[in-house]
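S.K.: File final26.csv below, CSV, C-alpha atoms:
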chain,number,residue,atom,x,y,z
A,720,GLU,CA,0.0,0.0,0.0
A,721,TRP,CA,1.0,3.6,-0.6
A,722,LYS,CA,0.1,6.8,1.1
A,723,LYS,CA,0.9,10.4,0.5
A,724,ILE,CA,2.8,12.5,3.0
A,725,GLU,CA,3.4,16.2,3.0
A,726,ILE,CA,7.0,17.1,2.3
A,727,ASP,CA,7.3,19.8,5.0
A,728,GLY,CA,11.0,19.6,6.1
A,729,SER,CA,10.0,18.1,9.5
A,730,ARG,CA,12.6,15.3,9.2
A,731,SER,CA,15.6,17.3,7.9
A,732,GLY,CA,14.8,21.0,8.4
A,733,CYS,CA,15.3,21.6,4.6
A,734,LYS,CA,13.4,24.3,2.8
A,735,ALA,CA,13.4,25.9,-0.6
A,736,VAL,CA,16.7,27.4,-1.6
A,737,THR,CA,16.8,31.2,-2.4
A,738,LEU,CA,19.8,33.1,-3.6
A,739,GLY,CA,22.8,32.5,-1.3
A,740,SER,CA,20.9,30.3,1.2
A,741,ALA,CA,22.0,26.8,0.1
A,742,LYS,CA,23.8,25.8,3.3
A,743,GLU,CA,21.2,27.3,5.5
A,744,SER,CA,18.3,25.8,3.5
A,745,ILE,CA,19.6,22.3,2.5
A,746,GLY,CA,22.7,21.7,4.8
A,747,ARG,CA,26.3,20.9,4.1
A,748,MET,CA,28.8,18.0,3.7
A,749,GLU,CA,31.4,17.0,6.2
A,750,GLY,CA,33.6,14.5,4.4
A,751,LYS,CA,31.2,11.7,3.3
A,752,THR,CA,28.5,12.7,5.8
A,753,TYR,CA,25.6,14.9,5.0
A,754,VAL,CA,24.6,17.3,7.8
A,755,ALA,CA,21.0,18.4,7.4
A,756,PRO,CA,19.8,21.9,8.6
A,757,SER,CA,18.2,20.1,11.6
A,758,GLY,CA,21.6,18.8,12.6
A,759,ARG,CA,20.8,15.2,11.6
A,760,ARG,CA,23.9,13.4,10.2
A,761,ILE,CA,23.3,11.0,7.4
A,762,LYS,CA,25.7,8.7,5.5
A,763,GLY,CA,25.3,6.3,2.5
A,764,ARG,CA,23.2,6.9,-0.6
A,765,THR,CA,21.3,9.8,0.8
A,766,ALA,CA,24.6,11.6,1.5
A,767,LYS,CA,25.8,10.9,-2.1
A,768,ILE,CA,22.6,12.4,-3.5
A,769,ALA,CA,22.9,15.4,-1.1
A,770,LYS,CA,26.4,16.1,-2.3
A,771,LEU,CA,25.3,16.1,-6.0
A,772,LEU,CA,22.6,18.6,-5.0
A,773,LEU,CA,24.9,20.8,-2.9
A,774,ASP,CA,27.6,20.8,-5.6
A,775,SER,CA,25.2,22.1,-8.2
A,776,GLN,CA,24.1,25.2,-6.2
A,777,ASP,CA,26.5,27.7,-7.7
A,778,GLU,CA,25.3,26.8,-11.2
A,779,MET,CA,21.7,27.0,-10.0
A,780,GLU,CA,22.0,30.5,-8.4
A,781,PRO,CA,20.5,32.4,-11.4
A,782,LEU,CA,17.3,30.4,-10.9
A,783,LYS,CA,17.1,31.2,-7.2
A,784,VAL,CA,16.5,35.0,-7.6
A,785,ILE,CA,13.2,36.1,-6.0
A,786,ILE,CA,11.2,37.9,-8.7
A,787,GLY,CA,7.8,38.2,-7.0
A,788,TYR,CA,5.6,37.4,-4.0
A,789,ALA,CA,2.2,35.7,-3.9
A,790,PRO,CA,0.4,36.5,-0.6
A,791,GLU,CA,-2.2,33.8,-1.4
A,792,ASN,CA,-1.9,30.4,-3.1
A,793,ILE,CA,-2.1,30.9,-6.9
A,794,TYR,CA,-3.0,27.4,-8.0
A,795,LYS,CA,-4.0,25.5,-11.1
A,796,ALA,CA,-7.4,23.7,-11.3
A,797,TYR,CA,-9.9,22.7,-14.0
A,798,PRO,CA,-11.8,24.3,-15.7
A,799,GLU,CA,-10.7,27.7,-14.3
A,800,SER,CA,-8.3,28.8,-11.6
A,801,PRO,CA,-6.1,31.7,-10.4
A,802,LEU,CA,-3.0,30.3,-12.0
A,803,SER,CA,-4.6,29.4,-15.4
A,804,ASN,CA,-6.2,32.9,-15.4
A,805,LEU,CA,-2.9,34.6,-14.7
A,806,PHE,CA,-1.3,32.6,-17.5
A,807,ILE,CA,-3.8,33.5,-20.2
A,808,ASP,CA,-4.2,37.1,-19.0
A,809,ARG,CA,-0.4,37.7,-19.3
A,810,ILE,CA,-0.3,36.0,-22.7
A,811,MET,CA,-3.1,38.3,-24.0
A,812,ALA,CA,-1.5,41.4,-22.5
A,813,ALA,CA,1.9,40.5,-24.0
A,814,VAL,CA,0.4,39.8,-27.5
A,815,GLU,CA,-1.4,43.1,-27.4
A,816,LYS,CA,1.8,44.9,-26.5
A,817,GLU,CA,3.8,43.2,-29.3
A,818,SER,CA,1.2,43.5,-32.0
A,819,GLY,CA,-0.5,46.8,-31.1
A,820,LYS,CA,-3.8,45.1,-31.6
A,821,LYS,CA,-6.5,44.4,-29.1
A,822,MET,CA,-7.1,40.7,-28.4
A,823,ASP,CA,-10.7,39.5,-28.1
A,824,MET,CA,-9.9,36.1,-26.7
A,825,GLY,CA,-7.0,34.0,-25.4
A,826,ILE,CA,-6.4,30.2,-25.7
A,827,GLY,CA,-3.7,28.4,-23.8
A,828,ASN,CA,-3.4,24.8,-22.6
A,829,PHE,CA,-3.6,23.3,-19.1
A,830,GLY,CA,-0.9,20.7,-20.0
A,831,GLY,CA,1.6,23.6,-20.7
A,832,ILE,CA,1.4,24.7,-17.0
A,833,ARG,CA,3.8,22.1,-15.4
A,834,LYS,CA,3.9,23.5,-11.9
A,835,ASN,CA,0.6,23.5,-10.0
A,836,ALA,CA,0.9,26.5,-7.7
A,837,ILE,CA,3.0,29.4,-6.6
A,838,TYR,CA,2.9,30.8,-3.0
A,839,LYS,CA,4.9,33.3,-1.1
A,840,ASP,CA,8.4,34.0,-2.6
A,841,ILE,CA,8.4,33.4,-6.4
A,842,LEU,CA,11.7,32.4,-7.9
A,843,VAL,CA,12.9,32.3,-11.4
A,844,ASP,CA,13.1,28.6,-10.9
A,845,ASP,CA,9.3,28.5,-10.3
A,846,ILE,CA,8.6,30.1,-13.6
A,847,CYS,CA,11.0,28.0,-15.5
A,848,SER,CA,9.5,24.9,-13.9
A,849,MET,CA,6.0,26.1,-14.7
A,850,PHE,CA,6.8,26.8,-18.4
A,851,PRO,CA,9.7,24.6,-19.4
A,852,PHE,CA,8.9,24.4,-23.1
A,853,SER,CA,10.1,26.9,-25.7
A,854,ASN,CA,6.8,28.2,-26.8
A,855,GLN,CA,6.4,31.7,-28.2
A,856,ILE,CA,3.4,34.0,-28.0
A,857,ALA,CA,1.2,34.5,-31.1
A,858,TYR,CA,-2.1,35.5,-32.4
A,859,VAL,CA,-4.6,34.2,-34.9
A,860,VAL,CA,-7.6,35.8,-36.5
A,861,LEU,CA,-10.6,33.3,-36.5
A,862,LYS,CA,-14.2,33.6,-37.5
A,863,GLY,CA,-16.9,33.3,-34.9
A,864,SER,CA,-18.3,30.2,-36.6
A,865,TYR,CA,-15.0,28.4,-36.1
A,866,LEU,CA,-14.7,29.5,-32.5
A,867,LYS,CA,-18.2,28.1,-31.8
A,868,LYS,CA,-17.3,24.7,-33.2
A,869,MET,CA,-14.1,24.7,-31.2
A,870,VAL,CA,-15.9,25.6,-27.9
A,871,GLU,CA,-18.6,23.1,-28.6
A,872,LYS,CA,-16.0,20.4,-29.0
A,873,MET,CA,-14.4,21.4,-25.7
A,874,ALA,CA,-17.8,21.2,-24.0
A,875,ARG,CA,-18.1,17.6,-25.1
A,876,THR,CA,-14.5,16.7,-24.1
A,877,SER,CA,-12.5,19.1,-21.9
A,878,PHE,CA,-11.8,22.8,-21.9
A,879,GLN,CA,-8.4,24.4,-22.4
A,880,VAL,CA,-7.3,27.7,-20.7
A,881,LEU,CA,-9.5,30.5,-22.1
A,882,GLY,CA,-9.5,34.2,-21.5
A,883,GLY,CA,-11.9,37.0,-22.5
A,884,VAL,CA,-14.9,34.8,-22.7
A,885,LYS,CA,-18.0,33.8,-20.8
A,886,ILE,CA,-19.2,30.3,-21.4
A,887,ASP,CA,-22.1,28.3,-19.9
A,888,VAL,CA,-22.3,24.5,-20.5
A,889,VAL,CA,-25.3,22.3,-19.6
A,890,ASP,CA,-25.2,18.5,-20.3
A,891,LYS,CA,-22.0,19.0,-22.4
A,892,LYS,CA,-23.8,21.6,-24.6
A,893,VAL,CA,-22.9,25.3,-24.9
A,894,THR,CA,-25.8,27.5,-23.8
A,895,ARG,CA,-23.9,30.8,-23.7
A,896,PHE,CA,-20.7,31.9,-25.5
A,897,GLU,CA,-19.8,35.5,-25.2
A,898,ILE,CA,-16.7,37.6,-26.1
A,899,GLY,CA,-16.5,41.1,-24.8
A,900,GLY,CA,-19.9,40.7,-23.2
A,901,SER,CA,-21.7,40.0,-26.5
A,902,PRO,CA,-22.7,36.7,-28.2
A,903,VAL,CA,-20.2,35.4,-30.7
A,904,GLU,CA,-21.2,36.2,-34.3
A,905,ASP,CA,-20.6,33.6,-37.0
A,906,ASP,CA,-19.2,36.0,-39.6
A,907,LYS,CA,-17.3,38.3,-37.2
A,908,GLU,CA,-13.5,38.1,-37.2
A,909,TYR,CA,-11.9,37.8,-33.7
A,910,TYR,CA,-8.3,38.3,-32.7
A,911,VAL,CA,-7.1,35.4,-30.5
A,912,ALA,CA,-3.9,35.4,-28.4
A,913,THR,CA,-2.3,32.0,-28.1
A,914,ILE,CA,1.0,30.1,-28.0
A,915,SER,CA,3.0,28.6,-30.9
A,916,PHE,CA,2.4,25.0,-29.6
A,917,LEU,CA,-1.3,25.3,-30.3
A,918,LEU,CA,-0.9,26.7,-33.8
A,919,GLY,CA,-0.2,23.3,-35.2
A,920,SER,CA,-1.1,19.9,-33.8
A,921,GLY,CA,-0.5,20.7,-30.1
A,922,ASP,CA,-3.4,19.3,-28.0
A,923,SER,CA,-5.2,18.7,-31.4
A,924,MET,CA,-6.0,22.4,-31.7
A,925,TYR,CA,-4.7,23.2,-35.2
A,926,LEU,CA,-5.5,26.9,-34.8
A,927,GLU,CA,-3.6,28.0,-37.8
A,928,ASN,CA,-5.5,25.7,-40.1
A,929,GLU,CA,-8.6,27.9,-40.1
A,930,ALA,CA,-6.9,31.2,-39.4
A,931,LEU,CA,-7.4,34.2,-41.6
A,932,GLU,CA,-4.1,35.7,-40.2
A,933,VAL,CA,-1.3,34.2,-38.1
A,934,ARG,CA,1.5,36.1,-36.5
A,935,LYS,CA,4.2,34.8,-34.1
A,936,PHE,CA,6.5,36.8,-31.8
A,937,ASP,CA,10.0,36.1,-30.6
A,938,LYS,CA,9.0,36.0,-27.0
A,939,ASP,CA,8.8,32.8,-24.9
A,940,ILE,CA,6.0,32.3,-22.5
A,941,ASP,CA,8.3,32.0,-19.4
A,942,GLU,CA,9.7,35.5,-20.2
A,943,VAL,CA,6.1,36.8,-20.5
Show me the file's structure as structure tokens.
M.R.:
Amino acid sequence: EWKKIEIDGSRSGCKAVTLGSAKESIGRMEGKTYVAPSGRRIKGRTAKIAKLLLDSQDEMEPLKVIIGYAPENIYKAYPESPLSNLFIDRIMAAVEKESGKKMDMGIGNFGGIRKNAIYKDILVDDICSMFPFSNQIAYVVLKGSYLKKMVEKMARTSFQVLGGVKIDVVDKKVTRFEIGGSPVEDDKEYYVATISFLLGSGDSMYLENEALEVRKFDKDIDEV
């Protein structure tokens, strides 16, 4: 049988490493013995692994810079959550800045958010872990009729990260789909901010296949 336990540092006194805090946060080596922050002394395989971790800290320092603070837990959850909303809001804002055009909608993917939460001190490492793939920001221009089909398919299967929309679904059928507070119109053209992964076959989205216009920008999502 297996059970989950909270990794809270209670056995070793270890905590997340920030810039210049490696010895204080994860301990030190004395010969072949690992000395944890709690004072616990450990030999054998654990000590060998600890040495590998400690030896890598100088190289890891650029990732340990604190770049923000989250006073509340910003977490990922389906179908909508603080972290997924932050993700797509920042993508939409960045595309607007790069393109000079107002984005009507944003489409990201839950699978692209690889870290489930950020809380308290936010490190460069957190962002790199959250978005480890080299995906760039982009926009597509799509007709409302295509967006309707896309959202109806999501209602039957599962939703991706969406921004700028209001959607109601009852029994896997879309009963409301609004952009900018108005019902989506079949023949209207909408500017949709997204990421390069979803332009092609990523998560079976194929956004560029039906796009009237596609534009990519040389700016990775972790930078955004």
S.K.: Between CA of Tyr865 (chain A) and CA of Met822 (chain A), what is the distance, to one decimal in Å?
M.R.: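 Rounded to one decimal, the two atoms are 16.5 Å apart.
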S.K.: Please measure the separation of CA of Leu771 (chain A) and CA of Ser853 (chain A), giving the value in Å to one decimal.
M.R.: 27.1 Å
S.K.: Compile the contact shell of Arg809 (chain A) as an MDAnalysis selection string: residues with an atom at most 12 Å away, counting only C-alpha atoms, same-chain residues fewer than 2 positions apart removed.
M.R.: chainID A and resid 802:807 811:816 822 825:827 856 881:883 912:914 939:943
S.K.: Would you list the contacts of Ile786 (chain A) as a list in words, taking every protein, DNA or RNA residue within 8 Å and counting only C-alpha atoms, but skipping same-chain residues closer than 5 positions in sequence?
M.R.: Asp840, Ile841, Leu842 and Val843 of chain A
S.K.: Within 10 Å of (19.5, 22.3, 0.9), in the coordinates the file gives, what residues turn up when you count all atoms listed in the file, written out as JSON, numbers by chain?
M.R.: {"A": [731, 732, 733, 734, 735, 736, 737, 740, 741, 742, 743, 744, 745, 746, 747, 754, 755, 756, 769, 770, 772, 773, 776]}
